[in-house]
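One file, structure10.txt, is given below (compact mmCIF, N, CA and C atoms).
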# COMPACT_ATOMS: atom_id res chain seq x y z
N MET I 20 -2.34 -9.03 -68.11
CA MET I 20 -3.25 -9.53 -67.10
C MET I 20 -2.93 -10.97 -66.72
N ALA I 21 -2.62 -11.81 -67.71
CA ALA I 21 -2.30 -13.21 -67.43
C ALA I 21 -1.04 -13.33 -66.59
N ASP I 22 -0.03 -12.50 -66.87
CA ASP I 22 1.20 -12.52 -66.08
C ASP I 22 0.92 -12.12 -64.63
N GLN I 23 0.01 -11.17 -64.45
CA GLN I 23 -0.34 -10.72 -63.11
C GLN I 23 -1.03 -11.85 -62.35
N GLN I 24 -1.94 -12.57 -63.01
CA GLN I 24 -2.62 -13.69 -62.37
C GLN I 24 -1.64 -14.81 -62.06
N SER I 25 -0.72 -15.08 -62.97
CA SER I 25 0.28 -16.12 -62.77
C SER I 25 1.15 -15.79 -61.56
N GLY I 26 1.54 -14.52 -61.44
CA GLY I 26 2.36 -14.10 -60.30
C GLY I 26 1.61 -14.24 -58.99
N SER I 27 0.32 -13.92 -59.01
CA SER I 27 -0.51 -14.05 -57.82
C SER I 27 -0.66 -15.52 -57.42
N LEU I 28 -0.86 -16.39 -58.41
CA LEU I 28 -0.96 -17.83 -58.13
C LEU I 28 0.34 -18.35 -57.54
N SER I 29 1.45 -17.92 -58.09
CA SER I 29 2.76 -18.35 -57.59
C SER I 29 2.97 -17.90 -56.15
N ALA I 30 2.58 -16.67 -55.84
CA ALA I 30 2.71 -16.16 -54.47
C ALA I 30 1.80 -16.94 -53.53
N ASP I 31 0.58 -17.25 -53.98
CA ASP I 31 -0.34 -18.04 -53.16
C ASP I 31 0.24 -19.42 -52.88
N MET I 32 0.81 -20.07 -53.90
CA MET I 32 1.40 -21.40 -53.73
C MET I 32 2.56 -21.35 -52.75
N SER I 33 3.39 -20.31 -52.84
CA SER I 33 4.53 -20.20 -51.93
C SER I 33 4.06 -20.07 -50.49
N GLY I 34 3.01 -19.30 -50.27
CA GLY I 34 2.46 -19.15 -48.93
C GLY I 34 1.90 -20.46 -48.40
N LEU I 35 1.19 -21.18 -49.26
CA LEU I 35 0.64 -22.48 -48.86
C LEU I 35 1.76 -23.47 -48.54
N GLN I 36 2.81 -23.43 -49.31
CA GLN I 36 3.93 -24.36 -49.08
C GLN I 36 4.57 -24.10 -47.73
N ALA I 37 4.74 -22.85 -47.38
CA ALA I 37 5.36 -22.52 -46.09
C ALA I 37 4.50 -23.05 -44.95
N GLN I 38 3.18 -22.89 -45.06
CA GLN I 38 2.29 -23.41 -44.03
C GLN I 38 2.30 -24.93 -43.99
N SER I 39 2.36 -25.54 -45.15
CA SER I 39 2.28 -27.00 -45.24
C SER I 39 3.51 -27.69 -44.68
N LEU I 40 4.65 -27.08 -44.81
CA LEU I 40 5.87 -27.68 -44.27
C LEU I 40 5.72 -28.00 -42.80
N LYS I 41 4.94 -27.19 -42.09
CA LYS I 41 4.74 -27.40 -40.67
C LYS I 41 3.74 -28.53 -40.39
N LYS I 42 2.92 -28.86 -41.37
CA LYS I 42 1.82 -29.79 -41.12
C LYS I 42 1.98 -31.17 -41.72
N ILE I 43 2.79 -31.32 -42.74
CA ILE I 43 2.88 -32.62 -43.40
C ILE I 43 3.50 -33.65 -42.46
N LEU I 44 2.86 -34.76 -42.40
CA LEU I 44 3.35 -35.85 -41.56
C LEU I 44 4.37 -36.66 -42.33
N SER I 45 5.56 -36.75 -41.78
CA SER I 45 6.59 -37.56 -42.44
C SER I 45 6.55 -38.97 -41.86
N ASN I 46 7.37 -39.83 -42.39
CA ASN I 46 7.39 -41.23 -41.97
C ASN I 46 8.43 -41.47 -40.88
N THR I 47 8.71 -40.46 -40.08
CA THR I 47 9.69 -40.64 -39.02
C THR I 47 9.07 -40.31 -37.67
N ILE I 48 9.43 -41.05 -36.68
CA ILE I 48 8.90 -40.83 -35.34
C ILE I 48 9.39 -39.51 -34.77
N SER I 49 10.50 -38.97 -35.27
CA SER I 49 10.99 -37.69 -34.76
C SER I 49 10.00 -36.58 -35.03
N THR I 50 9.23 -36.67 -36.10
CA THR I 50 8.21 -35.67 -36.38
C THR I 50 7.19 -35.65 -35.26
N ILE I 51 6.79 -36.82 -34.83
CA ILE I 51 5.80 -36.91 -33.76
C ILE I 51 6.40 -36.42 -32.44
N GLU I 52 7.64 -36.77 -32.17
CA GLU I 52 8.28 -36.36 -30.93
C GLU I 52 8.43 -34.84 -30.85
N ASN I 53 8.60 -34.19 -31.97
CA ASN I 53 8.75 -32.74 -31.98
C ASN I 53 7.42 -32.00 -31.94
N ASN I 54 6.31 -32.70 -32.05
CA ASN I 54 4.98 -32.09 -32.06
C ASN I 54 4.06 -32.81 -31.08
N LYS I 55 4.47 -32.88 -29.83
CA LYS I 55 3.75 -33.69 -28.85
C LYS I 55 2.33 -33.20 -28.56
N SER I 56 2.00 -31.98 -28.90
CA SER I 56 0.66 -31.48 -28.62
C SER I 56 -0.24 -31.51 -29.85
N GLN I 57 0.24 -31.96 -30.97
CA GLN I 57 -0.51 -31.91 -32.21
C GLN I 57 -1.07 -33.27 -32.60
N ILE I 58 -2.34 -33.28 -32.98
CA ILE I 58 -2.96 -34.48 -33.53
C ILE I 58 -2.82 -34.39 -35.05
N PHE I 59 -2.35 -35.46 -35.66
CA PHE I 59 -2.21 -35.50 -37.11
C PHE I 59 -3.40 -36.25 -37.69
N GLU I 60 -4.18 -35.56 -38.52
CA GLU I 60 -5.34 -36.19 -39.13
C GLU I 60 -5.05 -36.56 -40.58
N ILE I 61 -5.54 -37.70 -40.98
CA ILE I 61 -5.27 -38.20 -42.32
C ILE I 61 -5.88 -37.29 -43.38
N TYR I 62 -6.99 -36.64 -43.06
CA TYR I 62 -7.63 -35.75 -44.03
C TYR I 62 -6.66 -34.66 -44.48
N GLU I 63 -5.99 -34.08 -43.50
CA GLU I 63 -5.07 -32.98 -43.78
C GLU I 63 -3.89 -33.44 -44.64
N THR I 64 -3.31 -34.56 -44.29
CA THR I 64 -2.17 -35.09 -45.04
C THR I 64 -2.57 -35.47 -46.46
N ALA I 65 -3.71 -36.13 -46.61
CA ALA I 65 -4.18 -36.54 -47.94
C ALA I 65 -4.54 -35.35 -48.80
N ARG I 66 -5.19 -34.35 -48.21
CA ARG I 66 -5.53 -33.14 -48.98
C ARG I 66 -4.27 -32.46 -49.48
N MET I 67 -3.24 -32.42 -48.65
CA MET I 67 -1.99 -31.79 -49.07
C MET I 67 -1.36 -32.54 -50.24
N ALA I 68 -1.40 -33.85 -50.19
CA ALA I 68 -0.87 -34.62 -51.32
C ALA I 68 -1.65 -34.27 -52.59
N HIS I 69 -2.96 -34.19 -52.48
CA HIS I 69 -3.80 -33.84 -53.63
C HIS I 69 -3.49 -32.44 -54.16
N VAL I 70 -3.47 -31.46 -53.28
CA VAL I 70 -3.25 -30.07 -53.69
C VAL I 70 -1.88 -29.89 -54.32
N TYR I 71 -0.86 -30.50 -53.74
CA TYR I 71 0.48 -30.31 -54.30
C TYR I 71 0.72 -31.15 -55.54
N ALA I 72 -0.07 -32.20 -55.72
CA ALA I 72 -0.03 -32.91 -57.01
C ALA I 72 -0.54 -31.97 -58.10
N ILE I 73 -1.61 -31.25 -57.80
CA ILE I 73 -2.12 -30.26 -58.74
C ILE I 73 -1.06 -29.18 -58.99
N GLY I 74 -0.35 -28.79 -57.94
CA GLY I 74 0.72 -27.80 -58.09
C GLY I 74 1.80 -28.24 -59.07
N THR I 75 2.06 -29.54 -59.12
CA THR I 75 3.07 -30.02 -60.08
C THR I 75 2.60 -29.85 -61.51
N PHE I 76 1.28 -29.96 -61.74
CA PHE I 76 0.74 -29.71 -63.08
C PHE I 76 0.95 -28.26 -63.49
N LEU I 77 1.00 -27.37 -62.50
CA LEU I 77 1.20 -25.95 -62.76
C LEU I 77 2.69 -25.59 -62.76
N ASP I 78 3.54 -26.62 -62.71
CA ASP I 78 4.99 -26.44 -62.68
C ASP I 78 5.46 -25.59 -61.50
N ASP I 79 4.74 -25.71 -60.38
CA ASP I 79 5.15 -24.99 -59.18
C ASP I 79 6.38 -25.67 -58.59
N GLU I 80 7.37 -24.88 -58.30
CA GLU I 80 8.69 -25.40 -57.91
C GLU I 80 8.69 -26.27 -56.65
N GLY I 81 7.96 -25.91 -55.63
CA GLY I 81 8.03 -26.65 -54.37
C GLY I 81 6.99 -27.74 -54.19
N SER I 82 6.06 -27.85 -55.12
CA SER I 82 4.94 -28.78 -54.94
C SER I 82 5.35 -30.24 -54.95
N LEU I 83 6.28 -30.62 -55.78
CA LEU I 83 6.68 -32.02 -55.87
C LEU I 83 7.22 -32.54 -54.54
N LYS I 84 8.07 -31.77 -53.92
CA LYS I 84 8.66 -32.16 -52.63
C LYS I 84 7.57 -32.36 -51.57
N LEU I 85 6.60 -31.46 -51.54
CA LEU I 85 5.55 -31.54 -50.54
C LEU I 85 4.59 -32.70 -50.81
N ALA I 86 4.29 -32.94 -52.08
CA ALA I 86 3.41 -34.07 -52.42
C ALA I 86 4.08 -35.39 -52.03
N LYS I 87 5.38 -35.50 -52.29
CA LYS I 87 6.10 -36.72 -51.90
C LYS I 87 6.12 -36.90 -50.39
N ALA I 88 6.31 -35.82 -49.65
CA ALA I 88 6.33 -35.91 -48.19
C ALA I 88 4.97 -36.34 -47.66
N ALA I 89 3.89 -35.84 -48.25
CA ALA I 89 2.56 -36.24 -47.82
C ALA I 89 2.31 -37.72 -48.12
N LEU I 90 2.72 -38.17 -49.30
CA LEU I 90 2.58 -39.60 -49.63
C LEU I 90 3.34 -40.47 -48.64
N LYS I 91 4.51 -40.02 -48.27
CA LYS I 91 5.32 -40.76 -47.31
C LYS I 91 4.59 -40.87 -45.97
N GLY I 92 3.96 -39.80 -45.55
CA GLY I 92 3.19 -39.83 -44.32
C GLY I 92 2.01 -40.78 -44.39
N LEU I 93 1.35 -40.80 -45.53
CA LEU I 93 0.20 -41.69 -45.69
C LEU I 93 0.60 -43.16 -45.66
N SER I 94 1.76 -43.47 -46.18
CA SER I 94 2.19 -44.88 -46.21
C SER I 94 2.91 -45.29 -44.93
N GLY I 95 3.10 -44.36 -44.01
CA GLY I 95 3.81 -44.65 -42.76
C GLY I 95 2.87 -45.01 -41.63
N GLU I 96 2.95 -44.26 -40.56
CA GLU I 96 2.23 -44.57 -39.33
C GLU I 96 0.72 -44.56 -39.48
N MET I 97 0.20 -43.85 -40.46
CA MET I 97 -1.25 -43.77 -40.61
C MET I 97 -1.84 -45.01 -41.27
N HIS I 98 -1.00 -45.81 -41.88
CA HIS I 98 -1.47 -47.04 -42.51
C HIS I 98 -1.39 -48.17 -41.50
N ASP I 99 -2.46 -48.93 -41.38
CA ASP I 99 -2.49 -50.08 -40.48
C ASP I 99 -1.80 -51.25 -41.19
N GLN I 100 -0.55 -51.48 -40.84
CA GLN I 100 0.25 -52.53 -41.47
C GLN I 100 -0.30 -53.93 -41.21
N LYS I 101 -0.92 -54.12 -40.06
CA LYS I 101 -1.39 -55.45 -39.67
C LYS I 101 -2.73 -55.82 -40.32
N ASN I 102 -3.70 -54.91 -40.23
CA ASN I 102 -5.06 -55.22 -40.68
C ASN I 102 -5.46 -54.52 -41.98
N GLY I 103 -4.59 -53.67 -42.48
CA GLY I 103 -4.92 -52.91 -43.68
C GLY I 103 -5.76 -51.69 -43.35
N GLY I 104 -5.90 -50.84 -44.32
CA GLY I 104 -6.69 -49.63 -44.12
C GLY I 104 -5.88 -48.52 -43.47
N TYR I 105 -6.57 -47.44 -43.18
CA TYR I 105 -5.92 -46.24 -42.64
C TYR I 105 -6.62 -45.78 -41.38
N TYR I 106 -5.80 -45.35 -40.42
CA TYR I 106 -6.33 -44.74 -39.22
C TYR I 106 -6.78 -43.32 -39.55
N THR I 107 -7.72 -42.82 -38.79
CA THR I 107 -8.20 -41.46 -38.99
C THR I 107 -7.12 -40.44 -38.66
N GLY I 108 -6.21 -40.81 -37.81
CA GLY I 108 -5.12 -39.91 -37.45
C GLY I 108 -4.24 -40.50 -36.37
N LEU I 109 -3.31 -39.68 -35.93
CA LEU I 109 -2.39 -40.07 -34.85
C LEU I 109 -2.55 -39.10 -33.69
N LEU I 110 -2.54 -39.63 -32.49
CA LEU I 110 -2.61 -38.81 -31.29
C LEU I 110 -1.26 -38.15 -31.05
N PRO I 111 -1.21 -37.16 -30.17
CA PRO I 111 0.07 -36.47 -29.92
C PRO I 111 1.23 -37.38 -29.52
N ASP I 112 0.94 -38.53 -28.89
CA ASP I 112 2.02 -39.43 -28.50
C ASP I 112 2.43 -40.39 -29.62
N GLY I 113 1.77 -40.27 -30.78
CA GLY I 113 2.13 -41.10 -31.93
C GLY I 113 1.30 -42.37 -32.08
N THR I 114 0.42 -42.64 -31.13
CA THR I 114 -0.43 -43.82 -31.27
C THR I 114 -1.59 -43.51 -32.20
N PRO I 115 -2.02 -44.51 -32.98
CA PRO I 115 -3.12 -44.28 -33.91
C PRO I 115 -4.45 -44.06 -33.19
N MET I 116 -5.30 -43.24 -33.78
CA MET I 116 -6.66 -43.10 -33.28
C MET I 116 -7.38 -44.44 -33.50
N ASP I 117 -8.35 -44.71 -32.67
CA ASP I 117 -9.05 -46.00 -32.72
C ASP I 117 -9.84 -46.21 -34.00
N LYS I 118 -10.36 -45.15 -34.56
CA LYS I 118 -11.31 -45.29 -35.66
C LYS I 118 -10.65 -45.42 -37.02
N LYS I 119 -11.33 -46.14 -37.87
CA LYS I 119 -11.04 -46.19 -39.30
C LYS I 119 -12.37 -45.90 -39.98
N LEU I 120 -12.39 -44.85 -40.79
CA LEU I 120 -13.64 -44.44 -41.42
C LEU I 120 -13.52 -44.51 -42.94
N CYS I 121 -14.60 -44.91 -43.60
CA CYS I 121 -14.62 -44.91 -45.07
C CYS I 121 -14.36 -43.51 -45.60
N TYR I 122 -14.87 -42.51 -44.94
CA TYR I 122 -14.68 -41.12 -45.34
C TYR I 122 -13.19 -40.79 -45.42
N ALA I 123 -12.44 -41.23 -44.43
CA ALA I 123 -11.00 -40.98 -44.42
C ALA I 123 -10.30 -41.70 -45.56
N HIS I 124 -10.75 -42.91 -45.86
CA HIS I 124 -10.16 -43.68 -46.95
C HIS I 124 -10.39 -43.01 -48.30
N ALA I 125 -11.50 -42.31 -48.44
CA ALA I 125 -11.78 -41.59 -49.69
C ALA I 125 -10.71 -40.52 -49.94
N PHE I 126 -10.24 -39.88 -48.88
CA PHE I 126 -9.19 -38.87 -49.02
C PHE I 126 -7.88 -39.52 -49.47
N VAL I 127 -7.60 -40.70 -48.96
CA VAL I 127 -6.39 -41.41 -49.37
C VAL I 127 -6.46 -41.76 -50.86
N ILE I 128 -7.61 -42.22 -51.30
CA ILE I 128 -7.79 -42.56 -52.72
C ILE I 128 -7.65 -41.31 -53.59
N LEU I 129 -8.21 -40.19 -53.14
CA LEU I 129 -8.05 -38.93 -53.87
C LEU I 129 -6.58 -38.54 -53.98
N ALA I 130 -5.87 -38.63 -52.87
CA ALA I 130 -4.44 -38.28 -52.87
C ALA I 130 -3.64 -39.19 -53.79
N ALA I 131 -3.89 -40.48 -53.69
CA ALA I 131 -3.15 -41.44 -54.52
C ALA I 131 -3.44 -41.23 -56.00
N SER I 132 -4.69 -41.01 -56.35
CA SER I 132 -5.03 -40.84 -57.76
C SER I 132 -4.46 -39.54 -58.32
N SER I 133 -4.51 -38.47 -57.55
CA SER I 133 -3.94 -37.20 -58.01
C SER I 133 -2.43 -37.31 -58.20
N CYS I 134 -1.78 -37.93 -57.23
CA CYS I 134 -0.32 -38.09 -57.33
C CYS I 134 0.06 -39.05 -58.45
N TYR I 135 -0.76 -40.05 -58.69
CA TYR I 135 -0.50 -40.97 -59.80
C TYR I 135 -0.59 -40.23 -61.14
N LEU I 136 -1.62 -39.43 -61.31
CA LEU I 136 -1.78 -38.66 -62.55
C LEU I 136 -0.64 -37.66 -62.74
N ALA I 137 -0.10 -37.18 -61.63
CA ALA I 137 1.03 -36.24 -61.69
C ALA I 137 2.36 -36.98 -61.83
N LYS I 138 2.31 -38.31 -61.89
CA LYS I 138 3.51 -39.15 -62.04
C LYS I 138 4.51 -38.96 -60.90
N ILE I 139 3.97 -38.89 -59.68
CA ILE I 139 4.81 -38.72 -58.49
C ILE I 139 5.17 -40.11 -57.95
N ASP I 140 6.46 -40.33 -57.77
CA ASP I 140 6.94 -41.61 -57.26
C ASP I 140 6.25 -41.96 -55.95
N GLY I 141 5.84 -43.19 -55.84
CA GLY I 141 5.24 -43.68 -54.61
C GLY I 141 3.71 -43.69 -54.63
N ALA I 142 3.10 -43.00 -55.59
CA ALA I 142 1.64 -42.95 -55.63
C ALA I 142 1.04 -44.32 -55.91
N ARG I 143 1.61 -45.01 -56.87
CA ARG I 143 1.06 -46.32 -57.24
C ARG I 143 1.32 -47.36 -56.14
N ALA I 144 2.39 -47.18 -55.40
CA ALA I 144 2.74 -48.13 -54.34
C ALA I 144 2.00 -47.88 -53.04
N LEU I 145 1.27 -46.78 -52.95
CA LEU I 145 0.53 -46.47 -51.73
C LEU I 145 -0.49 -47.57 -51.47
N PRO I 146 -0.43 -48.19 -50.28
CA PRO I 146 -1.37 -49.27 -50.01
C PRO I 146 -2.78 -48.71 -49.86
N TYR I 147 -3.71 -49.26 -50.63
CA TYR I 147 -5.09 -48.77 -50.56
C TYR I 147 -5.82 -49.36 -49.39
N PHE I 148 -5.58 -50.62 -49.10
CA PHE I 148 -6.27 -51.25 -47.97
C PHE I 148 -5.41 -52.29 -47.34

Target encoding structure tokens, full file:
Amino acid sequence: MADQQSGSLSADMSGLQAQSLKKILSNTISTIENNKSQIFEIYETARMAHVYAIGTFLDDEGSLKLAKAALKGLSGEMHDQKNGGYYTGLLPDGTPMDKKLCYAHAFVILAASSCYLAKIDGARALPYF
């Protein structure tokens, strides 16, 4: 029974990884240029970092790569380099959304703490504010 559950979990993780590859925001402008109709929200990117950090605890093969990619996205365009903090997201043209919300920052803290506990490079260096 345990092997059957383990196999099911592995299949579920593989399916999630395939979906996530399309959604994780990388730190390159080419990602934005290739997705001109998509709004990137920080909630989604931070949740992915958190979920795939948990995947690394389960020794899931693809989780580390996805958690690192999500961290990279959080420390890139979504971080306000000038004033600190995080934008709620990026518009399809790559410009940041006007708002910065405490709620969104909570997701960044969750992602950073999960990745830190999973010993993922870049988690500790993620700018909090």

Taking 2 positions as the minimum chain separation for residues in the same chain, which residues sit within 8 Å of Ile73 of chain I when counting all atoms listed in the file? Answer as a CSV table (one decimal) with N, CA and C atoms, in the coordinates of the input.
chain,number,residue,atom,x,y,z
I,67,MET,N,-3.2,-32.4,-48.6
I,67,MET,CA,-2.0,-31.8,-49.1
I,67,MET,C,-1.4,-32.5,-50.2
I,68,ALA,N,-1.4,-33.8,-50.2
I,68,ALA,CA,-0.9,-34.6,-51.3
I,68,ALA,C,-1.6,-34.3,-52.6
I,69,HIS,N,-3.0,-34.2,-52.5
I,69,HIS,CA,-3.8,-33.8,-53.6
I,69,HIS,C,-3.5,-32.4,-54.2
I,70,VAL,N,-3.5,-31.5,-53.3
I,70,VAL,CA,-3.2,-30.1,-53.7
I,70,VAL,C,-1.9,-29.9,-54.3
I,71,TYR,N,-0.9,-30.5,-53.7
I,71,TYR,CA,0.5,-30.3,-54.3
I,71,TYR,C,0.7,-31.2,-55.5
I,75,THR,N,2.1,-29.5,-59.1
I,75,THR,CA,3.1,-30.0,-60.1
I,75,THR,C,2.6,-29.8,-61.5
I,76,PHE,N,1.3,-30.0,-61.7
I,76,PHE,CA,0.7,-29.7,-63.1
I,76,PHE,C,1.0,-28.3,-63.5
I,77,LEU,N,1.0,-27.4,-62.5
I,77,LEU,CA,1.2,-26.0,-62.8
I,77,LEU,C,2.7,-25.6,-62.8
I,78,ASP,N,3.5,-26.6,-62.7
I,78,ASP,CA,5.0,-26.4,-62.7
I,78,ASP,C,5.5,-25.6,-61.5
I,79,ASP,N,4.7,-25.7,-60.4
I,79,ASP,CA,5.2,-25.0,-59.2
I,79,ASP,C,6.4,-25.7,-58.6
I,82,SER,N,6.1,-27.8,-55.1
I,82,SER,CA,4.9,-28.8,-54.9
I,82,SER,C,5.4,-30.2,-55.0
I,86,ALA,N,4.3,-32.9,-52.1
I,86,ALA,CA,3.4,-34.1,-52.4
I,86,ALA,C,4.1,-35.4,-52.0
I,133,SER,N,-4.5,-38.5,-57.6
I,133,SER,CA,-3.9,-37.2,-58.0
I,133,SER,C,-2.4,-37.3,-58.2
I,134,CYS,N,-1.8,-37.9,-57.2
I,134,CYS,CA,-0.3,-38.1,-57.3
I,134,CYS,C,0.1,-39.0,-58.4
I,137,ALA,N,-0.1,-37.2,-61.6
I,137,ALA,CA,1.0,-36.2,-61.7
I,137,ALA,C,2.4,-37.0,-61.8

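Of the residues under consideration (I:Asn102, I:Ser94, I:Val127, I:Glu80), I:Val127 shows the shortest atom-to-atom contact distance to Glu63 of chain I when counting only C-alpha atoms.
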
Quick one: everything within 10 Å of Ala144 of chain I, counting only C-alpha atoms, minus sequence neighbours fewer than 6 positions away in the same chain. Send it as a count of residues only.
-> 4

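The shell of residues at most 6 Å from Lys119 of chain I, with all atoms listed in the file counted and near chain neighbours (fewer than 6 positions) removed, consists of Tyr105, Tyr106 and Thr107 of chain I.
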
Distance in Å - atom CA of Glu96 of chain I versus atom CA of Gly81 of chain I | 24.1 Å

Using backbone DSSP assignments, extract all strand (DSSP E or B) residues from segment 49-117 of chain I; output them as a list in words.
-> Phe59, Glu60, His98, Tyr105, Gly108, Leu109 and Pro115 of chain I

List every residue of segment 45-117 of chain I that DSSP, applied to the backbone of this structure, places in helix (DSSP H, G or I), and write the result as an MDAnalysis selection string.
-> chainID I and resid 48:52 61:76 82:94

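Atom N of Asp99 of chain I to atom N of Ala72 of chain I spans 22.2 Å [interatomic distance, one decimal].
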
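The nearest approach to Pro115 of chain I among the residues I:Leu145, I:Leu83, I:Leu136, I:Met97, with all atoms listed in the file taken into account, belongs to I:Met97.
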
Which of I:Lys91, I:His124, I:Lys101, I:Lys84 sits closest to Ile61 of chain I [using all atoms listed in the file] | I:His124

For Phe126 of chain I, please output as a VMD selection string all residues within 6.5 Å (counting all atoms listed in the file; exclusion window: fewer than 5 positions along the same chain).
-> chain I and resid 62 65 to 66 121 131

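Ranking I:Ile58, I:Ile128, I:Met116, I:Pro146 by their shortest atom-to-atom distance to Gly104 of chain I, with only N, CA and C atoms included, puts I:Pro146 first.
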
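Note that the spacing between atom CA of Lys87 of chain I and atom CA of Thr114 of chain I amounts to 22.8 Å.
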